[in-house]
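S.K.: Let me begin by handing over the structure; questions about it come next.
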Amino acid sequence: MSIASLWRTRQQRYSLQGEICPECHQAIFPPRDVCPHCSEAAGPLHTMSGRGEVYSYTKMFNVPDGFLAQRPYTVALVKLEEGPMVTAQLTDITDEDVEIGMPVEMVTRKLREEGDGGEIVYGYKFRPVLAAAD
Amino acid sequence: MSIASLWRTRQQRYSLQGEICPECHQAIFPPRDVCPHCSEAAGPLHTMSGRGEVYSYTKMFNVPDGFLAQRPYTVALVKLEEGPMVTAQLTDITDEDVEIGMPVEMVTRKLREEGDGGEIVYGYKFRPVLAAAD
Amino acid sequence: MRSVSIVGIGQIPVGEHWELSVRHIAYHAIAEALEEAGTEQVDALFVGNMLSGSLLSQEHLATLIADFSGLRNVEAAKIESACASGASALRIGHMAVASGMHDVVVVCGVEKMTDTSGESTTAGLATAADAEYEAAHGVSFVGLNALIMQRYMYEFDVPSDAFAGFSINAHRNGAKNAHAMFQKPISLDAYLNAPMIATPINIMDSSPVCDGAAAAVLVASEQAGTYVTGHHPGAVQILASASANDTIALHDRKDPLFLEAAYVSSQKAYVQSGVTPADVSFFELHDAFTIMSALSLEATGYARRGEGWHLAADDAIGPDGKIPISTLGGLKSRGHPVGATGMYQVVEAVQQLRGEAGQGQIGSASVGMTQNIGGSGATIVTHILGG
Amino acid sequence: MRSVSIVGIGQIPVGEHWELSVRHIAYHAIAEALEEAGTEQVDALFVGNMLSGSLLSQEHLATLIADFSGLRNVEAAKIESACASGASALRIGHMAVASGMHDVVVVCGVEKMTDTSGESTTAGLATAADAEYEAAHGVSFVGLNALIMQRYMYEFDVPSDAFAGFSINAHRNGAKNAHAMFQKPISLDAYLNAPMIATPINIMDSSPVCDGAAAAVLVASEQAGTYVTGHHPGAVQILASASANDTIALHDRKDPLFLEAAYVSSQKAYVQSGVTPADVSFFELHDAFTIMSALSLEATGYARRGEGWHLAADDAIGPDGKIPISTLGGLKSRGHPVGATGMYQVVEAVQQLRGEAGQGQIGSASVGMTQNIGGSGATIVTHILGG
Ligand SMILES: [Zn+2]
Ligand SMILES: [Zn+2]
């Protein structure tokens with residue numbers, strides 16, 4: 001991602017800023033010009049809570065350029081409690097931890113060492129929500 | 001250019017290896033599977049003499065990634081004495097030297113500092129042929 | 001709309017062609033196809049390719065290939081739809097002839113993936129996904145398919161060896177194809193012990209990185225007789241051609257386990273051709289990953305949701321099965337040079353329909369279906385061909 | 001073959017859109033075109049784009065844009081022919097409708113060139129040339145055009161200010177176009193004192209790096225009445241569409257000073273439409289560099305070889321001249337977002353033919369010609385449009 005692209009998506013990467021459709025009231029992430037649910041013009045900005053659960057996950061051994069230092073790592077589809085699903089890495093986990101349905105919460109971490117201009121890229125990852133002692 | 005591509009084109013870059021068409025007898029550079037002059041299957045390898053003349057030239061001030069250290073430099077279309085034309089940098093010149101029709105000869109020089117794998121890329125450039133004293 | 005037929009095919013064996021550049025392998029396929037069609041007169045060249053810009057620093061690829069192939073003053077354009085580029089290019093060629101704009105069109109799918117390092121190629125393949133919201137998080141293309149497979153196994157309670165049959169069938173069939181990258185059968189043990197790429201996808205679930213080029217010559221069916229030279233029994237007609245898309249990001253799909261674009265494009269193709277799933281003699285599906293075979297069979301009318309893998313377990317997908325798939329090795333064994341794959345599928349379907357598939361020939365092949373998938377299911381192109 | 005008409009156009013002002021990504025600018029143009037056409041029903045989206053893979057790490061671009069634009073279950077494919085990608089995509093859309101395969105097609109040309117550094121973008125543009133035998137030697141795209149211009153000046157004994165008129169005309173016309181990147185006339189002095197990029201090409205000879213997107217909605221002419229909503233006088237018909245190629249490398253041309261592909265594609269277009277050069281009311285040519293304007297005029301029938309620059313010197317190219325060119329600024333002043341340019345040319349031609357070009361309107365515009373060039377003349381696409 002270029003510096004321009006990183007700048008444009010910073011509110012998404014740092015705080016999961018999406019939208020709520022004024023027509024069908026569904027949450028959308030990232031913001032879109034057209035609501036994918038009802039095709040009307042999409043609506044006001046809305047920051048997601050950052051809580052969700054693991055819909056699926058994979059531990060990756062072969063990774064793309066730019067991510068070699070972190071290998072292997074686990075990527076998940078996380079279903080946010082507001083509805084949208086996001087693709088993100090899991091962090092602060094051991095292999096045994098991860099399972100489908102596991103509650104997770106967003107944290108900000110380094111995504112890759114350097115982008116095209118040498119800059120460090122930060123963004124959302126997800127970690128397990130510790131169950132309250134009961 | 002990838003290492004594989006550099007390896008495949010090494011005889012072209014180091015020694016201007018082309019072909020002579022067995023059908024129409026025209027020289028071809030670089031080698032082709034089909035002769036561009038007569039459309040027959042192209043022929044046996046033939047190394048060009050490396051002598052030619054400047055067909056056109058340009059002094060470039062804005063240059064692509066990978067060539068910044070050499071900027072500015074002069075690129076020419078060189079018409080080889082065998083017939084084919086090639087695109088190459090001129091070297092060992094001052095600005096005043098260069099003119100259309102100038103006789104030049106091939107030399108091997110560093111083309112760019114490093115390729116995708118960090119390797120140094122060598123290949124043909126052309127320099128003026130010194131006229132014999134008369 | 002003029003009916004369109006294929007009167008010549010060409011292909012280079014899939015593999016690692018270190019000694020040949022992208023222009024050389026494309027020319028190999030094009031020259032073979034033109035030779036078969038018995039013509040040097042060409043109006044247009046459409047090239048299906050995904051990665052020449054990002055991996056080879058070479059755009060303007062169709063014109064480069066036309067030039068190197070001795071095709072001057074023709075139309076040339078590159079068509080890109082990620083891994084569905086090959087079949088997308090065939091659709092464009094089809095429209096060019098069907099409209100009457102052109103009479104003789106060459107379509108070539110080509111990809112050169114082994115010039116670059118594994119990590120570069122992996123990054124290149126990830127450009128099929130959303131750069132800002134998928135690839136930015138380090139997910140590879142294998143990873144996206146692994147996310148689908150993991151969830152599929154969870155939701156439908158699928159055993160871990162459920163997909164072995166797809167890989168075993170592909171390799172068994174590929175062993176009979178001289179153009180395949182891998183020409184050796186594999187055992188169940190080999191599948192079960194294969195190293196993981198991205199859990200639960202192991203090496204035997206996944207198609208290989210490779211180079212390849214495949215081409216076809218298209219003419220109006222009414223003129224096909226002029227071009228068929230006696231090298232082969234006859235022209236093969238394109239009975240249907242359809243393409244549909246879905247969200248580019250897997251995470252945006254209504255149901256990430258259902259290939260809606262495969263459903264839509266195959267339904268369109270069935271309607272166009274009047275063919276039903278039961279009429280199809282063989283199905284060259286997009287088995288880039290074993291999970292994709294299951295999902296394709298489900299979306300295309302051969303299995304209910306969550307049950308596509310039963311067809312492999314029951315060997316209904318073998319050469320003598322209910323619906324033979326990957327009959328000459330598929331993406332898994334023949335190989336998956338991404339932008340070329342859609343054209344390999346079509347070239348192989350033509351071989352089957354002509355009865356020229358050699359040891360891989362299936363019995364009574366009269367209708368063949370091919371399906372080419374771009375991204376994690378975002379672009380899906382279906383063709384139905386008949387002898 | 002069905003006749004095809006344009007019933008909606010859209011465009012975003014050309015410029016540096018730091019705040020918008022490629023998907024946003026494409027959507028802007030597409031939404032505007034669909035709004036004008038008064039339809040939400042779309043069968044296919046063809047996207048002309050050159051650099052999304054190498055500069056943005058985003059392939060599968062057409063599907064990404066279809067998704068973001070709310071176009072689901074449609075066909076989507078990207079068409080790439082270097083800087084001729086836009087017009088090449090229009091040709092594909094034309095064939096899709098002409099064949100009857102689709103009824104409503106959106107064609108969008110889009111390019112995002114300002115996300116990356118100048119050197120990266122320069123390297124990206126060089127992928128239009130032969131990577132192994134041109135770009136490998138450090139020649140930029142400007143450099144290739146400079147080689148043509150230098151030789152042209154030598155061979156035809158052309159004075160150094162001969163090309164000024166092309167740049168002055170473009171800026172004078174662009175000043176009247178609210179979508180143009182540069183909306184200010186320039187003086188002869190400004191041209192003569194402009195810094196060199198690659199001798200003899202100075203900044204005023206060269207079109208700028210920028211972002212842009214332009215789109216059109218295509219339907220069968222016989223159905224055009226249904227879509228024209230009263231926002232504008234009527235549909236514009238595509239009277240001719242032709243593409244031709246030449247060698248990719250400049251050094252391989254029989255005559256590097258003659259645009260053979262422009263000659264071939266314009267001759268085809270004249271034959272298709274029955275239009276002669278004298279019938280053309282205005283000509284949106286590919287003035288990426290002033291030398292290209294001269295060569296296009298020569299290859300297309302407006303000047304003899306070596307004399308194209310006289311037309312600028314005599315101001316035959318102005319709005320009231322014999323052959324008005326770059327009527328809304330051309331590539332020089334409106335800007336040259338490479339893969340989008342061919343569609344800007346077409347959108348502007350539609351504006352002229354509808355009489356909706358505002359201050360830039362030329363008198364009695366009944367037939368417009370557009371010509372889009374890929375590489376140093378290797379792919380050239382010509383369209384002729386009529387009111
Ligand atoms: Zn909504
Ligand atoms: Zn010859």
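Chains: A, B, ... in order of the structure tokens. Residues: from 1 per chain. Ligands: from 1, in order shown.
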Excluding range 51-67 of chain A and any residue of its chain fewer than 6 positions from it, enumerate the residues within 8 Å of it, using only C-alpha atoms, and give them as a ChimeraX atom specification.

M.R.: /A:73-81,98-106,112-115 /C:119-123,126,138-140,143,146-148,150-151,196-200

S.K.: Restricted to C-alpha atoms, what would the selected residues look like written as an mmCIF file, in the first residue's frame?

M.R.:
```
data_model
loop_
_atom_site.group_PDB
_atom_site.id
_atom_site.type_symbol
_atom_site.label_atom_id
_atom_site.label_comp_id
_atom_site.auth_asym_id
_atom_site.auth_seq_id
_atom_site.Cartn_x
_atom_site.Cartn_y
_atom_site.Cartn_z
ATOM 1 C CA TYR A 73 0.976 -16.305 11.610
ATOM 2 C CA THR A 74 -2.751 -16.808 11.920
ATOM 3 C CA VAL A 75 -5.272 -14.932 9.818
ATOM 4 C CA ALA A 76 -8.967 -14.975 10.635
ATOM 5 C CA LEU A 77 -12.294 -13.865 9.336
ATOM 6 C CA VAL A 78 -13.748 -11.967 12.262
ATOM 7 C CA LYS A 79 -17.489 -11.347 12.414
ATOM 8 C CA LEU A 80 -17.922 -8.008 14.180
ATOM 9 C CA GLU A 81 -20.814 -7.744 16.608
ATOM 10 C CA VAL A 98 -7.922 -20.627 18.336
ATOM 11 C CA GLU A 99 -11.312 -21.972 17.482
ATOM 12 C CA ILE A 100 -14.315 -20.937 15.488
ATOM 13 C CA GLY A 101 -16.725 -18.900 17.602
ATOM 14 C CA MET A 102 -13.986 -17.591 19.888
ATOM 15 C CA PRO A 103 -14.716 -14.036 21.115
ATOM 16 C CA VAL A 104 -12.045 -11.559 20.049
ATOM 17 C CA GLU A 105 -11.367 -7.845 20.349
ATOM 18 C CA MET A 106 -9.468 -5.424 18.208
ATOM 19 C CA ARG A 112 4.151 -5.144 8.170
ATOM 20 C CA GLU A 113 7.669 -3.900 8.653
ATOM 21 C CA GLU A 114 7.724 -1.371 5.897
ATOM 22 C CA GLY A 115 5.574 -0.222 3.057
ATOM 23 C CA GLU C 119 7.364 -14.666 -1.985
ATOM 24 C CA SER C 120 7.054 -12.230 -4.883
ATOM 25 C CA THR C 121 4.762 -14.606 -6.721
ATOM 26 C CA THR C 122 2.703 -15.114 -3.563
ATOM 27 C CA ALA C 123 2.383 -11.352 -3.219
ATOM 28 C CA ALA C 126 -2.686 -11.710 -3.534
ATOM 29 C CA GLY C 138 -0.874 -10.541 5.048
ATOM 30 C CA VAL C 139 -3.408 -13.075 3.884
ATOM 31 C CA SER C 140 -2.203 -14.996 0.856
ATOM 32 C CA GLY C 143 -4.912 -18.333 3.019
ATOM 33 C CA ALA C 146 -7.996 -21.993 3.714
ATOM 34 C CA LEU C 147 -10.456 -19.718 5.525
ATOM 35 C CA ILE C 148 -13.225 -21.097 3.346
ATOM 36 C CA GLN C 150 -11.799 -24.389 7.610
ATOM 37 C CA ARG C 151 -15.297 -22.984 7.956
ATOM 38 C CA MET C 196 0.617 -27.594 5.373
ATOM 39 C CA ILE C 197 0.712 -24.356 3.394
ATOM 40 C CA ALA C 198 -2.100 -22.658 5.289
ATOM 41 C CA THR C 199 -4.123 -24.870 7.594
ATOM 42 C CA PRO C 200 -6.149 -26.872 6.653
#
```

S.K.: With 8 Å as the limit and counting only C-alpha atoms, what residues in chain B lie close to chain C? Please list them as a list in words.

M.R.: Met1, Ser2, Ile3, Ala4, Ser5, Arg8, Arg32, Asp33, Val34, Cys35, Pro36 and Ser39 of chain B

S.K.: Check which residues fall inside 12 Å of ligand 2 when counting only C-alpha atoms and all ligand atoms, and print them as a ChimeraX atom specification.

M.R.: /B:19-28,31-44 /C:70

S.K.: May I have the residues of chain C within 6 Å of chain D, counting only C-alpha atoms, written as an NGL selection string?

M.R.: :C and (1 or 53-54 or 57-60 or 64 or 67 or 72-75 or 77-82 or 95-96 or 98-99 or 127-128 or 131 or 243-248)

S.K.: To test your reading of the structure, identify every residue in chain B that backbone DSSP assigns to strand (DSSP E or B), and report it as a PyMOL selection string.

M.R.: chain B and resi 17-20+27-28+34+41+45-47+51-60+73-80+85-90+103-112+121-128

S.K.: Give me, as a VMD selection string, the residues of range 262-327 of chain C that a backbone DSSP run labels alpha helix (DSSP H).

M.R.: chain C and resid 262 to 273 290 to 299 308 to 313

S.K.: One number please: CA of Ser206 in chain D to CA of Thr290 in chain D, in Å, one decimal.

M.R.: 6.8 Å

S.K.: Please provide as a PyMOL selection string all residues within 12 Å of Lys110 in chain B, with the sequence filter that same-chain residues fewer than 6 positions apart are discarded (counting only C-alpha atoms).

M.R.: (chain B and resi 13-14+66-67+69-70+88-89+91+119-125) or (chain D and resi 136-138)

S.K.: Could you name the residues that touch Ser296 in chain D at 7 Å or less, counting only C-alpha atoms, but leaving out those on the same chain fewer than 3 positions away, as a PyMOL selection string?

M.R.: chain D and resi 259+262+285+292-293+299-300

S.K.: Report, in Å to a single decimal, how far apart CA of Trp309 in chain D and CA of Tyr154 in chain D are.

M.R.: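 Distance between the two atoms: 13.7 Å.
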
S.K.: For CA of Ile323 in chain C and CA of Gly212 in chain C, determine how far apart the two atoms are, in Å to one decimal place.

M.R.: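 Distance reported for this atom pair: 26.5 Å.
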
S.K.: Find the spatial neighbours of Leu250 in chain C, counting only C-alpha atoms, within a cut-off of 8 Å - ignore same-chain residues fewer than 3 positions away - and output them as an mmCIF file with N, CA, C and O atoms, in the first residue's frame.

M.R.:
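Okay, part-v3.cif is ready:
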```
data_model
loop_
_atom_site.group_PDB
_atom_site.id
_atom_site.type_symbol
_atom_site.label_atom_id
_atom_site.label_comp_id
_atom_site.auth_asym_id
_atom_site.auth_seq_id
_atom_site.Cartn_x
_atom_site.Cartn_y
_atom_site.Cartn_z
ATOM 1 N N LEU C 144 -6.802 -17.341 1.873
ATOM 2 C CA LEU C 144 -8.233 -17.072 1.689
ATOM 3 C C LEU C 144 -9.009 -18.364 1.461
ATOM 4 O O LEU C 144 -10.092 -18.574 2.022
ATOM 5 N N THR C 247 -18.698 -10.162 -4.641
ATOM 6 C CA THR C 247 -17.822 -9.214 -3.955
ATOM 7 C C THR C 247 -16.375 -9.667 -4.117
ATOM 8 O O THR C 247 -16.086 -10.868 -4.102
ATOM 9 N N ARG C 253 -18.921 -11.508 1.401
ATOM 10 C CA ARG C 253 -19.938 -12.382 0.802
ATOM 11 C C ARG C 253 -21.076 -12.644 1.769
ATOM 12 O O ARG C 253 -20.847 -12.855 2.967
ATOM 13 N N PRO C 256 -19.999 -17.014 2.573
ATOM 14 C CA PRO C 256 -18.659 -17.315 2.036
ATOM 15 C C PRO C 256 -18.496 -18.768 1.588
ATOM 16 O O PRO C 256 -17.495 -19.103 0.963
ATOM 17 N N SER C 376 -11.169 -15.345 -4.822
ATOM 18 C CA SER C 376 -11.758 -16.368 -3.952
ATOM 19 C C SER C 376 -13.221 -16.612 -4.316
ATOM 20 O O SER C 376 -14.045 -16.860 -3.451
ATOM 21 N N GLY C 377 -13.532 -16.516 -5.627
ATOM 22 C CA GLY C 377 -14.893 -16.747 -6.096
ATOM 23 C C GLY C 377 -15.565 -15.486 -6.618
ATOM 24 O O GLY C 377 -16.773 -15.477 -6.838
#
```
